[in-house]
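> Pasting data-v2.txt below, which is compact mmCIF, C-alpha atoms and all ligand atoms.
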# COMPACT_ATOMS: atom_id res chain seq x y z
CA MET A 1 22.43 -44.16 -31.15
CA ALA A 2 26.00 -42.83 -31.03
CA GLY A 3 26.12 -39.18 -30.01
CA ALA A 4 22.71 -39.22 -28.34
CA ARG A 5 24.09 -39.12 -24.82
CA ARG A 6 23.84 -35.79 -23.02
CA PRO A 7 26.98 -35.53 -20.90
CA GLY A 8 26.98 -33.80 -17.53
CA ARG A 9 24.01 -33.58 -15.29
CA ASN A 10 20.51 -32.54 -16.17
CA PHE A 11 19.53 -29.20 -14.68
CA LEU A 12 16.06 -29.79 -13.33
CA PHE A 13 14.33 -26.42 -13.02
CA VAL A 14 10.70 -27.25 -13.52
CA PRO A 15 8.60 -26.25 -10.50
CA GLY A 16 8.34 -29.83 -9.37
CA PRO A 17 9.45 -32.52 -9.35
CA THR A 18 12.51 -30.94 -7.73
CA ASN A 19 16.08 -32.05 -7.11
CA ILE A 20 16.36 -34.83 -4.54
CA PRO A 21 19.30 -34.54 -2.14
CA GLU A 22 21.63 -37.55 -2.25
CA ARG A 23 20.92 -38.45 1.36
CA ILE A 24 17.19 -38.64 0.64
CA LEU A 25 17.85 -40.83 -2.40
CA ARG A 26 20.00 -43.10 -0.26
CA ALA A 27 17.36 -43.27 2.45
CA MET A 28 14.86 -44.59 -0.09
CA HIS A 29 17.27 -47.24 -1.31
CA ALA A 30 16.31 -49.77 1.32
CA PRO A 31 15.02 -53.32 1.47
CA MET A 32 11.28 -53.69 1.92
CA GLU A 33 9.88 -54.57 5.29
CA ASP A 34 6.63 -55.79 6.77
CA HIS A 35 4.37 -52.76 7.08
CA ARG A 36 2.36 -54.60 9.75
CA SER A 37 5.38 -55.42 11.92
CA PRO A 38 5.61 -54.21 15.53
CA ASP A 39 8.58 -52.02 14.47
CA PHE A 40 6.82 -50.15 11.68
CA PRO A 41 5.11 -47.52 13.87
CA LYS A 42 8.56 -46.29 14.94
CA LEU A 43 8.90 -44.96 11.41
CA THR A 44 5.35 -43.77 10.86
CA LEU A 45 4.19 -42.16 14.09
CA PRO A 46 6.90 -39.47 14.14
CA LEU A 47 6.11 -38.66 10.50
CA TYR A 48 2.66 -37.41 11.47
CA GLU A 49 4.02 -35.30 14.31
CA ASP A 50 6.79 -33.86 12.16
CA LEU A 51 4.50 -33.10 9.24
CA LYS A 52 2.34 -31.08 11.64
CA LYS A 53 5.40 -28.87 12.21
CA VAL A 54 5.65 -28.34 8.46
CA PHE A 55 1.96 -27.39 8.23
CA GLN A 56 2.45 -25.29 11.40
CA THR A 57 -0.46 -26.83 13.22
CA LYS A 58 -1.07 -28.24 16.69
CA ASP A 59 -4.51 -29.75 16.27
CA GLY A 60 -4.61 -30.58 12.57
CA GLN A 61 -4.75 -34.25 11.61
CA VAL A 62 -2.36 -35.41 8.92
CA PHE A 63 -3.17 -38.10 6.33
CA ILE A 64 -0.58 -39.58 3.99
CA PHE A 65 -1.78 -41.26 0.80
CA PRO A 66 0.08 -43.05 -1.96
CA ALA A 67 -0.98 -40.41 -4.52
CA SER A 68 0.08 -37.06 -5.89
CA GLY A 69 -1.28 -33.59 -5.19
CA THR A 70 -4.33 -34.38 -7.31
CA GLY A 71 -5.23 -37.30 -5.05
CA ALA A 72 -4.95 -35.02 -2.03
CA TRP A 73 -7.29 -32.51 -3.77
CA GLU A 74 -9.80 -35.31 -4.21
CA ALA A 75 -9.40 -36.52 -0.63
CA SER A 76 -9.90 -33.03 0.77
CA LEU A 77 -13.23 -32.55 -0.99
CA THR A 78 -14.78 -36.02 -0.98
CA ASN A 79 -14.19 -36.53 2.74
CA THR A 80 -15.79 -33.29 3.82
CA ARG A 81 -18.46 -32.50 1.23
CA SER A 82 -21.64 -33.88 -0.33
CA PRO A 83 -22.81 -33.64 -3.96
CA GLY A 84 -24.59 -30.35 -4.54
CA ASP A 85 -22.62 -28.48 -1.87
CA LYS A 86 -21.79 -24.95 -2.95
CA MET A 87 -18.12 -23.97 -3.00
CA LEU A 88 -16.50 -20.64 -3.78
CA ALA A 89 -13.23 -20.77 -5.73
CA ALA A 90 -10.95 -18.21 -7.34
CA ARG A 91 -9.56 -19.22 -10.75
CA PHE A 92 -6.36 -17.60 -11.94
CA GLY A 93 -4.24 -20.36 -13.46
CA GLN A 94 -4.18 -23.95 -14.61
CA PHE A 95 -4.03 -25.48 -11.14
CA SER A 96 -6.87 -23.49 -9.65
CA HIS A 97 -8.78 -24.46 -12.81
CA LEU A 98 -8.05 -28.18 -12.44
CA TRP A 99 -9.07 -28.23 -8.77
CA ILE A 100 -12.39 -26.61 -9.68
CA GLU A 101 -12.94 -29.17 -12.45
CA LEU A 102 -12.19 -32.00 -10.05
CA ALA A 103 -14.71 -30.58 -7.54
CA ARG A 104 -17.34 -30.39 -10.28
CA ARG A 105 -16.72 -33.99 -11.30
CA HIS A 106 -17.61 -34.93 -7.73
CA GLY A 107 -20.90 -33.09 -8.06
CA LEU A 108 -19.96 -29.95 -6.14
CA ASP A 109 -21.55 -26.71 -7.24
CA VAL A 110 -18.56 -24.42 -7.60
CA ILE A 111 -19.09 -20.67 -7.87
CA VAL A 112 -16.02 -19.44 -9.73
CA GLN A 113 -14.49 -16.02 -9.24
CA GLU A 114 -12.43 -15.36 -12.36
CA GLU A 115 -9.27 -13.39 -11.67
CA GLU A 116 -6.82 -12.24 -14.30
CA TRP A 117 -4.00 -14.75 -14.74
CA GLY A 118 -1.00 -13.13 -13.10
CA THR A 119 -3.08 -12.07 -10.11
CA GLY A 120 -4.49 -14.22 -7.33
CA ALA A 121 -7.41 -14.71 -4.99
CA SER A 122 -9.15 -11.46 -4.07
CA PRO A 123 -10.05 -11.31 -0.36
CA GLU A 124 -12.37 -8.37 -1.13
CA ARG A 125 -14.41 -10.29 -3.70
CA ILE A 126 -14.49 -13.36 -1.48
CA GLU A 127 -15.81 -11.30 1.42
CA GLU A 128 -18.43 -9.73 -0.83
CA ALA A 129 -19.64 -13.12 -2.09
CA LEU A 130 -19.82 -14.52 1.42
CA ARG A 131 -21.71 -11.49 2.75
CA ALA A 132 -24.23 -11.93 -0.05
CA ASP A 133 -24.70 -15.58 0.92
CA LYS A 134 -27.15 -14.83 3.72
CA ASN A 135 -28.28 -18.45 4.13
CA HIS A 136 -24.74 -19.75 4.38
CA GLU A 137 -25.15 -22.09 1.45
CA ILE A 138 -21.47 -21.81 0.55
CA LYS A 139 -19.73 -24.60 2.40
CA GLY A 140 -16.14 -23.93 1.51
CA VAL A 141 -13.70 -21.47 -0.04
CA MET A 142 -10.98 -23.02 -2.22
CA VAL A 143 -7.69 -21.17 -2.68
CA VAL A 144 -4.50 -22.23 -4.42
CA HIS A 145 -1.82 -20.68 -2.23
CA ASN A 146 0.83 -20.72 -4.93
CA GLU A 147 -0.42 -20.93 -8.51
CA THR A 148 2.43 -22.81 -10.12
CA ALA A 149 1.28 -22.04 -13.66
CA THR A 150 1.67 -18.27 -13.31
CA GLY A 151 4.09 -17.86 -10.38
CA VAL A 152 1.53 -16.14 -8.19
CA THR A 153 1.20 -16.44 -4.41
CA SER A 154 -2.11 -15.47 -2.82
CA ASP A 155 -2.51 -14.07 0.68
CA VAL A 156 -4.20 -16.91 2.56
CA ALA A 157 -4.27 -15.02 5.86
CA ALA A 158 -6.20 -12.22 4.13
CA VAL A 159 -8.71 -14.75 2.77
CA ARG A 160 -9.27 -16.03 6.31
CA ARG A 161 -9.81 -12.44 7.49
CA ALA A 162 -12.33 -11.98 4.68
CA ILE A 163 -14.27 -15.09 5.73
CA ASP A 164 -14.29 -13.92 9.34
CA ALA A 165 -15.26 -10.36 8.39
CA ALA A 166 -18.28 -11.78 6.57
CA LYS A 167 -19.06 -13.85 9.69
CA HIS A 168 -19.40 -16.83 7.41
CA PRO A 169 -18.93 -20.46 8.54
CA ALA A 170 -17.45 -21.70 5.23
CA LEU A 171 -14.35 -23.87 5.59
CA LEU A 172 -11.08 -22.70 4.09
CA TYR A 173 -9.52 -25.25 1.70
CA VAL A 174 -5.97 -24.48 0.59
CA ASP A 175 -3.81 -26.09 -2.08
CA GLY A 176 -0.24 -25.80 -0.82
CA VAL A 177 1.31 -28.15 -3.38
CA SER A 178 3.96 -25.67 -4.51
CA SER A 179 4.21 -23.65 -1.31
CA ILE A 180 4.28 -25.94 1.70
CA ALA A 181 7.84 -26.57 2.93
CA SER A 182 9.13 -23.73 0.71
CA ILE A 183 6.99 -20.67 1.44
CA ASP A 184 5.75 -19.84 4.93
CA PHE A 185 2.44 -21.61 5.48
CA ARG A 186 0.61 -21.34 8.81
CA MET A 187 -2.33 -23.66 9.06
CA ASP A 188 -3.44 -22.72 12.60
CA GLU A 189 -2.62 -19.02 12.54
CA TRP A 190 -4.38 -18.53 9.20
CA GLY A 191 -7.36 -20.65 10.17
CA VAL A 192 -6.94 -23.07 7.29
CA ASP A 193 -9.34 -26.00 7.62
CA LEU A 194 -7.95 -28.28 5.00
CA ALA A 195 -4.49 -28.00 3.48
CA ILE A 196 -2.99 -30.35 0.95
CA THR A 197 0.39 -30.93 -0.64
CA GLY A 198 2.37 -33.45 -2.67
CA SER A 199 5.80 -34.96 -2.09
CA GLN A 200 7.65 -33.80 -5.21
CA LYS A 201 8.18 -30.10 -4.55
CA GLY A 202 9.22 -28.52 -1.25
CA LEU A 203 9.54 -31.95 0.33
CA MET A 204 12.26 -32.87 -2.20
CA LEU A 205 10.92 -36.37 -2.83
CA PRO A 206 9.75 -38.17 -5.95
CA ALA A 207 6.06 -37.77 -6.73
CA GLY A 208 3.99 -40.42 -5.00
CA LEU A 209 2.61 -39.02 -1.77
CA GLY A 210 -0.48 -36.87 -1.42
CA ILE A 211 -0.66 -35.31 2.02
CA ALA A 212 -3.67 -33.68 3.66
CA CYS A 213 -3.81 -31.81 6.94
CA VAL A 214 -7.29 -31.46 8.38
CA SER A 215 -8.50 -29.11 11.12
CA GLN A 216 -10.78 -30.48 13.82
CA LYS A 217 -13.60 -28.39 12.35
CA ALA A 218 -13.10 -30.09 8.97
CA MET A 219 -12.83 -33.49 10.67
CA ALA A 220 -16.28 -32.88 12.15
CA GLU A 221 -17.65 -32.32 8.63
CA THR A 222 -16.48 -35.78 7.54
CA LYS A 223 -19.37 -37.33 9.52
CA ASN A 224 -22.00 -35.85 7.20
CA ALA A 225 -20.10 -35.84 3.90
CA THR A 226 -21.69 -38.14 1.32
CA CYS A 227 -19.37 -37.76 -1.69
CA THR A 228 -18.19 -41.18 -2.83
CA LYS A 229 -14.79 -42.14 -1.50
CA ALA A 230 -13.06 -45.42 -0.91
CA TYR A 231 -9.30 -45.36 -1.43
CA PHE A 232 -9.02 -41.85 0.05
CA ASP A 233 -11.46 -42.32 2.93
CA PHE A 234 -10.10 -40.44 5.96
CA ALA A 235 -12.09 -42.74 8.26
CA ASP A 236 -10.09 -45.83 7.26
CA HIS A 237 -6.86 -43.98 7.91
CA ALA A 238 -8.13 -42.42 11.14
CA ARG A 239 -8.80 -45.95 12.43
CA THR A 240 -5.37 -47.35 11.59
CA ASN A 241 -2.97 -44.37 11.70
CA PRO A 242 -2.99 -43.78 15.48
CA SER A 243 -1.30 -47.14 16.02
CA GLY A 244 1.16 -46.44 13.20
CA TYR A 245 -0.44 -48.44 10.40
CA PHE A 246 -2.25 -47.84 7.13
CA PRO A 247 -5.45 -49.37 5.76
CA TYR A 248 -3.45 -50.66 2.78
CA THR A 249 0.15 -51.09 1.71
CA PRO A 250 1.88 -47.73 2.05
CA ALA A 251 4.56 -46.43 -0.35
CA LEU A 252 7.43 -47.63 1.83
CA PRO A 253 10.42 -46.08 0.04
CA LEU A 254 8.66 -42.72 -0.01
CA LEU A 255 8.05 -42.94 3.72
CA TYR A 256 11.76 -43.58 4.33
CA GLY A 257 12.47 -40.66 2.03
CA LEU A 258 9.95 -38.50 3.86
CA ARG A 259 11.70 -39.25 7.16
CA GLU A 260 14.98 -38.04 5.70
CA ALA A 261 13.38 -35.05 3.96
CA LEU A 262 11.91 -33.89 7.26
CA ASN A 263 15.33 -34.30 8.89
CA VAL A 264 16.86 -32.20 6.13
CA LEU A 265 14.22 -29.47 6.52
CA PHE A 266 14.54 -29.33 10.30
CA GLU A 267 18.35 -29.28 10.17
CA GLU A 268 18.23 -26.20 7.98
CA GLY A 269 15.33 -24.79 10.00
CA LEU A 270 11.98 -24.01 8.39
CA ASP A 271 12.49 -20.26 8.71
CA ASN A 272 15.83 -20.55 6.95
CA VAL A 273 14.22 -22.67 4.25
CA PHE A 274 11.59 -19.95 3.65
CA ALA A 275 14.26 -17.21 3.67
CA ARG A 276 16.40 -19.17 1.20
CA HIS A 277 13.47 -19.51 -1.19
CA ARG A 278 12.75 -15.77 -0.96
CA TYR A 279 16.43 -15.00 -1.56
CA LEU A 280 16.81 -17.31 -4.58
CA ALA A 281 13.53 -16.06 -6.03
CA SER A 282 14.71 -12.47 -5.63
CA GLY A 283 17.92 -13.31 -7.50
CA THR A 284 15.84 -14.81 -10.30
CA ARG A 285 13.63 -11.71 -10.42
CA ALA A 286 16.74 -9.50 -10.65
CA ALA A 287 17.80 -11.54 -13.69
CA VAL A 288 14.39 -11.16 -15.34
CA GLU A 289 14.50 -7.42 -14.83
CA ALA A 290 18.00 -7.22 -16.29
CA TRP A 291 16.79 -9.12 -19.36
CA GLY A 292 14.15 -6.42 -19.78
CA LEU A 293 11.41 -9.04 -19.51
CA LYS A 294 8.28 -9.20 -17.39
CA LEU A 295 6.94 -11.79 -15.02
CA CYS A 296 3.45 -13.13 -15.51
CA ALA A 297 2.75 -11.96 -11.93
CA LYS A 298 1.29 -8.48 -12.40
CA ASP A 299 2.51 -6.92 -9.19
CA PRO A 300 5.22 -7.62 -6.59
CA LYS A 301 2.52 -8.55 -4.08
CA TRP A 302 1.83 -11.65 -6.18
CA HIS A 303 5.48 -12.70 -6.60
CA SER A 304 6.03 -16.38 -5.93
CA ASP A 305 9.17 -17.49 -4.13
CA THR A 306 9.04 -20.98 -5.66
CA VAL A 307 8.49 -20.32 -9.36
CA SER A 308 8.99 -17.42 -11.77
CA ALA A 309 6.85 -17.40 -14.90
CA ILE A 310 8.72 -15.26 -17.42
CA MET A 311 6.86 -13.72 -20.36
CA VAL A 312 8.65 -13.95 -23.69
CA PRO A 313 8.44 -10.89 -25.96
CA GLU A 314 5.63 -10.64 -28.51
CA GLY A 315 6.40 -12.70 -31.63
CA PHE A 316 8.36 -15.39 -29.77
CA ASN A 317 7.24 -18.73 -28.46
CA GLY A 318 8.18 -19.74 -24.90
CA ALA A 319 8.02 -23.39 -26.00
CA ASP A 320 10.99 -22.78 -28.33
CA VAL A 321 13.07 -21.51 -25.42
CA ILE A 322 12.15 -24.59 -23.38
CA ASP A 323 12.89 -26.94 -26.26
CA ARG A 324 16.25 -25.33 -26.93
CA ALA A 325 17.18 -25.36 -23.23
CA TYR A 326 16.34 -29.04 -22.94
CA ARG A 327 17.96 -30.30 -26.10
CA ARG A 328 21.00 -28.10 -26.30
CA TYR A 329 21.83 -27.35 -22.65
CA ASN A 330 20.26 -30.26 -20.75
CA LEU A 331 18.18 -27.77 -18.76
CA ALA A 332 14.53 -28.50 -17.95
CA LEU A 333 12.39 -25.35 -17.71
CA GLY A 334 8.65 -25.26 -17.04
CA ALA A 335 6.19 -24.73 -19.89
CA GLY A 336 3.34 -22.26 -20.22
CA LEU A 337 0.06 -24.06 -19.60
CA SER A 338 -3.35 -23.50 -21.17
CA GLN A 339 -4.11 -19.75 -21.47
CA VAL A 340 -0.40 -18.87 -21.23
CA ALA A 341 0.93 -21.70 -23.44
CA GLY A 342 3.76 -20.36 -25.60
CA LYS A 343 3.66 -16.99 -23.88
CA LEU A 344 6.09 -17.77 -21.10
CA PHE A 345 8.58 -20.19 -19.66
CA ARG A 346 9.01 -20.96 -15.98
CA ILE A 347 12.03 -21.33 -13.76
CA GLY A 348 11.21 -23.42 -10.72
CA HIS A 349 13.41 -22.32 -7.81
CA LEU A 350 12.26 -24.58 -5.05
CA GLY A 351 13.54 -27.49 -3.09
CA ASP A 352 17.18 -28.39 -2.63
CA LEU A 353 18.85 -25.46 -4.34
CA ASN A 354 21.66 -22.95 -3.89
CA GLU A 355 23.00 -19.91 -5.70
CA LEU A 356 25.32 -21.66 -8.14
CA MET A 357 22.73 -24.20 -9.21
CA LEU A 358 20.30 -21.37 -9.88
CA LEU A 359 22.93 -19.35 -11.77
CA GLY A 360 23.34 -22.38 -14.05
CA ALA A 361 19.65 -22.27 -14.87
CA ILE A 362 19.68 -18.51 -15.39
CA ALA A 363 22.67 -18.85 -17.74
CA GLY A 364 20.93 -21.66 -19.61
CA ALA A 365 17.73 -19.65 -19.96
CA GLU A 366 19.73 -16.69 -21.21
CA MET A 367 21.62 -18.76 -23.78
CA SER A 368 18.46 -20.50 -24.95
CA MET A 369 16.62 -17.20 -25.37
CA ARG A 370 19.46 -15.80 -27.45
CA ASP A 371 19.56 -18.97 -29.55
CA VAL A 372 15.92 -18.54 -30.51
CA GLY A 373 16.39 -14.86 -31.28
CA ILE A 374 15.34 -13.13 -28.07
CA GLU A 375 18.06 -10.53 -27.85
CA VAL A 376 18.79 -10.30 -24.16
CA GLU A 377 22.23 -8.95 -23.34
CA PRO A 378 24.64 -11.85 -22.79
CA GLY A 379 25.42 -12.24 -19.12
CA ALA A 380 22.93 -9.58 -18.02
CA GLY A 381 20.76 -11.98 -16.05
CA ILE A 382 23.60 -13.79 -14.36
CA ALA A 383 25.30 -10.52 -13.46
CA ALA A 384 22.13 -9.09 -11.94
CA ALA A 385 21.47 -12.24 -9.93
CA GLN A 386 25.08 -12.30 -8.72
CA GLU A 387 24.88 -8.68 -7.67
CA TYR A 388 21.68 -9.39 -5.81
CA PHE A 389 23.26 -12.36 -4.00
CA ARG A 390 26.31 -10.28 -3.12
CA GLY A 391 24.28 -7.42 -1.75
CA ALA A 392 21.80 -9.58 0.09
CA GLN A 393 24.52 -11.42 2.04
CA GLY A 394 22.33 -14.47 1.72
CA LEU A 395 22.70 -18.16 2.08
CA GLY A 396 26.43 -18.55 2.22
CA GLU A 397 27.05 -15.68 4.59
CA ARG A 398 24.38 -16.90 6.99
CA ARG A 399 25.80 -20.39 6.89
CA LEU A 400 29.31 -19.13 7.52
CA ALA A 401 28.04 -17.01 10.40
CA ALA A 402 26.38 -20.05 11.92
CA GLU A 403 29.58 -22.13 11.76
N1 LIG A 501 -1.69 -27.90 -7.31
C1 LIG A 501 -0.60 -27.21 -7.68
C2 LIG A 501 -0.44 -25.81 -7.19
C3 LIG A 501 0.36 -27.81 -8.49
O1 LIG A 501 1.46 -27.13 -8.85
C4 LIG A 501 0.17 -29.14 -8.92
C5 LIG A 501 1.17 -29.80 -9.78
O2 LIG A 501 2.12 -29.22 -10.22
C6 LIG A 501 -0.99 -29.81 -8.52
C7 LIG A 501 -1.88 -29.16 -7.70
C8 LIG A 501 -1.25 -31.20 -8.96
O3 LIG A 501 -0.39 -32.03 -8.27
P1 LIG A 501 0.11 -33.42 -8.87
O4 LIG A 501 0.69 -33.15 -10.20
O5 LIG A 501 1.11 -33.83 -7.82
O6 LIG A 501 -1.06 -34.33 -8.90
Show me, as structure tokens, the structure contained in the file I just sent.
Ligand code: PLP

Amino acid sequence: MAGARRPGRNFLFVPGPTNIPERILRAMHAPMEDHRSPDFPKLTLPLYEDLKKVFQTKDGQVFIFPASGTGAWEASLTNTRSPGDKMLAARFGQFSHLWIELARRHGLDVIVQEEEWGTGASPERIEEALRADKNHEIKGVMVVHNETATGVTSDVAAVRRAIDAAKHPALLYVDGVSSIASIDFRMDEWGVDLAITGSQKGLMLPAGLGIACVSQKAMAETKNATCTKAYFDFADHARTNPSGYFPYTPALPLLYGLREALNVLFEEGLDNVFARHRYLASGTRAAVEAWGLKLCAKDPKWHSDTVSAIMVPEGFNGADVIDRAYRRYNLALGAGLSQVAGKLFRIGHLGDLNELMLLGAIAGAEMSMRDVGIEVEPGAGIAAAQEYFRGAQGLGERRLAAE
């Protein structure tokens, strides 16, 4: 239909999938090859070693599945648990909710600690529940590191301290789908037993890979786990991966992309990647404050550096802002999910991103809010973010200093 084209580029600011750097796109644009050839392990074996650097682990074992984060959730539980096993999980957003539901569908008996949406996992309550579990019936604690639905980051290290303080043997399961490769995540130092992620967020790839990193303690549990698994069975991968192969046809283009994504991350340096995410998130938060709006995250200690969930004022619908942004300004913002549907919109600020890209999204959010009647001061958000970037001497200055 004439006139239907949206000129210019789409501004993708949902909290995943994220923008894919050109060089990663190009790396995936490759002819197919024999995944059982003698050359194939040259691609695959370094991927495992390099992913361990991203998870910050020495002894963890990495598994790569053609899947998304949800598949990795399933793999983490079915490979290490048996139906009827008790699990302890904090629920404070749509993704912690969905992981719990998935565990229940596999027959796990999940004890849910409800936390207010906008807060995160409570190490104190977790410690209390574990202390009360004298017979050590609870087999695992499930924590979503970064709750993408509410823009809340939980303190995983504190959860590990809580488990240790209770002298409890439960394994620590962590969803790092919207944190790993964007927010500091330390598998070994934090004593995480099973961490999972997907390819479409911090790794700057299309969706299509579910990645699990498994501690040796969790690997030992796989021997007794009786949950049904077939496609996601760690054992099949553990047999074939060490020689560089997969038990079935891997997602070849995504593996080429993953190689390039890891190169991109290591060239910038993981610490710089984490600092950049903190810096861009802080600029976004300055804009929100200047608009006179509130984040869903109730306290700065919960602030997420990958996604800001911004509450719209009473009487307005966040979905209208998102609709306006998409249709009028070619800007994709994240929706409010479930309990917070309509109450907020989200700006995803993760992946391959710099100040000017983010300022585009902030401007678009500002214009869309005004269009639907939310009277923020024009330019207030962009000005506040700019001032933050100027004062923080961030990205650009560091890059110039390094040149
Ligand atoms: N966990 C978190 C924290 C997420 O943000 C998501 C998706 O956004 C998922 C799990 C589910 O991952 P996927 O959509 O890749 O299956």
> Taking 3 positions as the minimum chain separation for residues in the same chain, which residues sit within 10 Å of A:Ala325 when counting all atoms listed in the file? Answer as a list in words.
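In the requested form, the answer reads Phe11, Ala319, Asp320, Val321, Ile322, Arg328, Tyr329, Asn330, Leu331, Ala332, Leu333, Ala361, Gly364, Ala365, Glu366, Met367, Ser368, Met369 and Asp371 of chain A.
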> Quick one: contact table of chain A to ligand LIG 501 (chain A), 8 Å max, nearest atom pair and distance in Å to one decimal per residue, counting only C-alpha atoms and all ligand atoms, chain and number order, as JSON lines?

{"residue": "A:Pro15", "atom": "CA", "partner": "A:LIG501", "partner_atom": "O2", "distance": 7.1}
{"residue": "A:Gly16", "atom": "CA", "partner": "A:LIG501", "partner_atom": "O2", "distance": 6.3}
{"residue": "A:Ala67", "atom": "CA", "partner": "A:LIG501", "partner_atom": "O6", "distance": 7.5}
{"residue": "A:Ser68", "atom": "CA", "partner": "A:LIG501", "partner_atom": "O5", "distance": 3.9}
{"residue": "A:Gly69", "atom": "CA", "partner": "A:LIG501", "partner_atom": "O5", "distance": 3.6}
{"residue": "A:Thr70", "atom": "CA", "partner": "A:LIG501", "partner_atom": "O6", "distance": 3.6}
{"residue": "A:Gly71", "atom": "CA", "partner": "A:LIG501", "partner_atom": "O6", "distance": 6.4}
{"residue": "A:Ala72", "atom": "CA", "partner": "A:LIG501", "partner_atom": "O6", "distance": 7.9}
{"residue": "A:Trp73", "atom": "CA", "partner": "A:LIG501", "partner_atom": "C7", "distance": 7.5}
{"residue": "A:Phe95", "atom": "CA", "partner": "A:LIG501", "partner_atom": "N1", "distance": 5.1}
{"residue": "A:Ser96", "atom": "CA", "partner": "A:LIG501", "partner_atom": "N1", "distance": 7.2}
{"residue": "A:Leu98", "atom": "CA", "partner": "A:LIG501", "partner_atom": "C7", "distance": 7.8}
{"residue": "A:Trp99", "atom": "CA", "partner": "A:LIG501", "partner_atom": "C7", "distance": 7.3}
{"residue": "A:Val144", "atom": "CA", "partner": "A:LIG501", "partner_atom": "C2", "distance": 6.1}
{"residue": "A:His145", "atom": "CA", "partner": "A:LIG501", "partner_atom": "C2", "distance": 7.3}
{"residue": "A:Asn146", "atom": "CA", "partner": "A:LIG501", "partner_atom": "C2", "distance": 5.7}
{"residue": "A:Glu147", "atom": "CA", "partner": "A:LIG501", "partner_atom": "C2", "distance": 5.1}
{"residue": "A:Thr148", "atom": "CA", "partner": "A:LIG501", "partner_atom": "O1", "distance": 4.6}
{"residue": "A:Ala149", "atom": "CA", "partner": "A:LIG501", "partner_atom": "O1", "distance": 7.0}
{"residue": "A:Asp175", "atom": "CA", "partner": "A:LIG501", "partner_atom": "N1", "distance": 5.9}
{"residue": "A:Gly176", "atom": "CA", "partner": "A:LIG501", "partner_atom": "C2", "distance": 6.4}
{"residue": "A:Val177", "atom": "CA", "partner": "A:LIG501", "partner_atom": "C1", "distance": 4.8}
{"residue": "A:Ser178", "atom": "CA", "partner": "A:LIG501", "partner_atom": "C2", "distance": 5.2}
{"residue": "A:Ser179", "atom": "CA", "partner": "A:LIG501", "partner_atom": "C2", "distance": 7.8}
{"residue": "A:Thr197", "atom": "CA", "partner": "A:LIG501", "partner_atom": "N1", "distance": 7.6}
{"residue": "A:Gly198", "atom": "CA", "partner": "A:LIG501", "partner_atom": "O5", "distance": 5.3}
{"residue": "A:Ser199", "atom": "CA", "partner": "A:LIG501", "partner_atom": "O5", "distance": 7.5}
{"residue": "A:Gln200", "atom": "CA", "partner": "A:LIG501", "partner_atom": "O5", "distance": 7.0}
{"residue": "A:Ala207", "atom": "CA", "partner": "A:LIG501", "partner_atom": "O5", "distance": 6.4}
{"residue": "A:Gly208", "atom": "CA", "partner": "A:LIG501", "partner_atom": "O5", "distance": 7.7}
{"residue": "A:Gly210", "atom": "CA", "partner": "A:LIG501", "partner_atom": "O5", "distance": 7.3}
> List the neighbours of stretch 119-134 of chain A out to 12 Å using all atoms listed in the file; skip same-chain residues closer than 6 positions along the sequence, and give me the result as a PyMOL selection string.
chain A and resi 86-93+95-96+111-113+140-172+174+295-304
> Mind pulling up the distance from atom CA of A:Gln216 to atom CA of A:Leu258?
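Here the two named atoms are 24.4 Å from each other.
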> Excluding A:Gly202 and residues on its chain fewer than 3 positions from it, collect all residues at most 6 Å away from it, counting only C-alpha atoms, and give them as a list in words.
Ala181, Ser182 and Gly351 of chain A
> Compare A:Ala385, A:Leu209, A:Val62, A:Ala392 by their minimum atom-to-atom distance to A:Phe234, counting all atoms listed in the file, and give me the closest one.
A:Val62
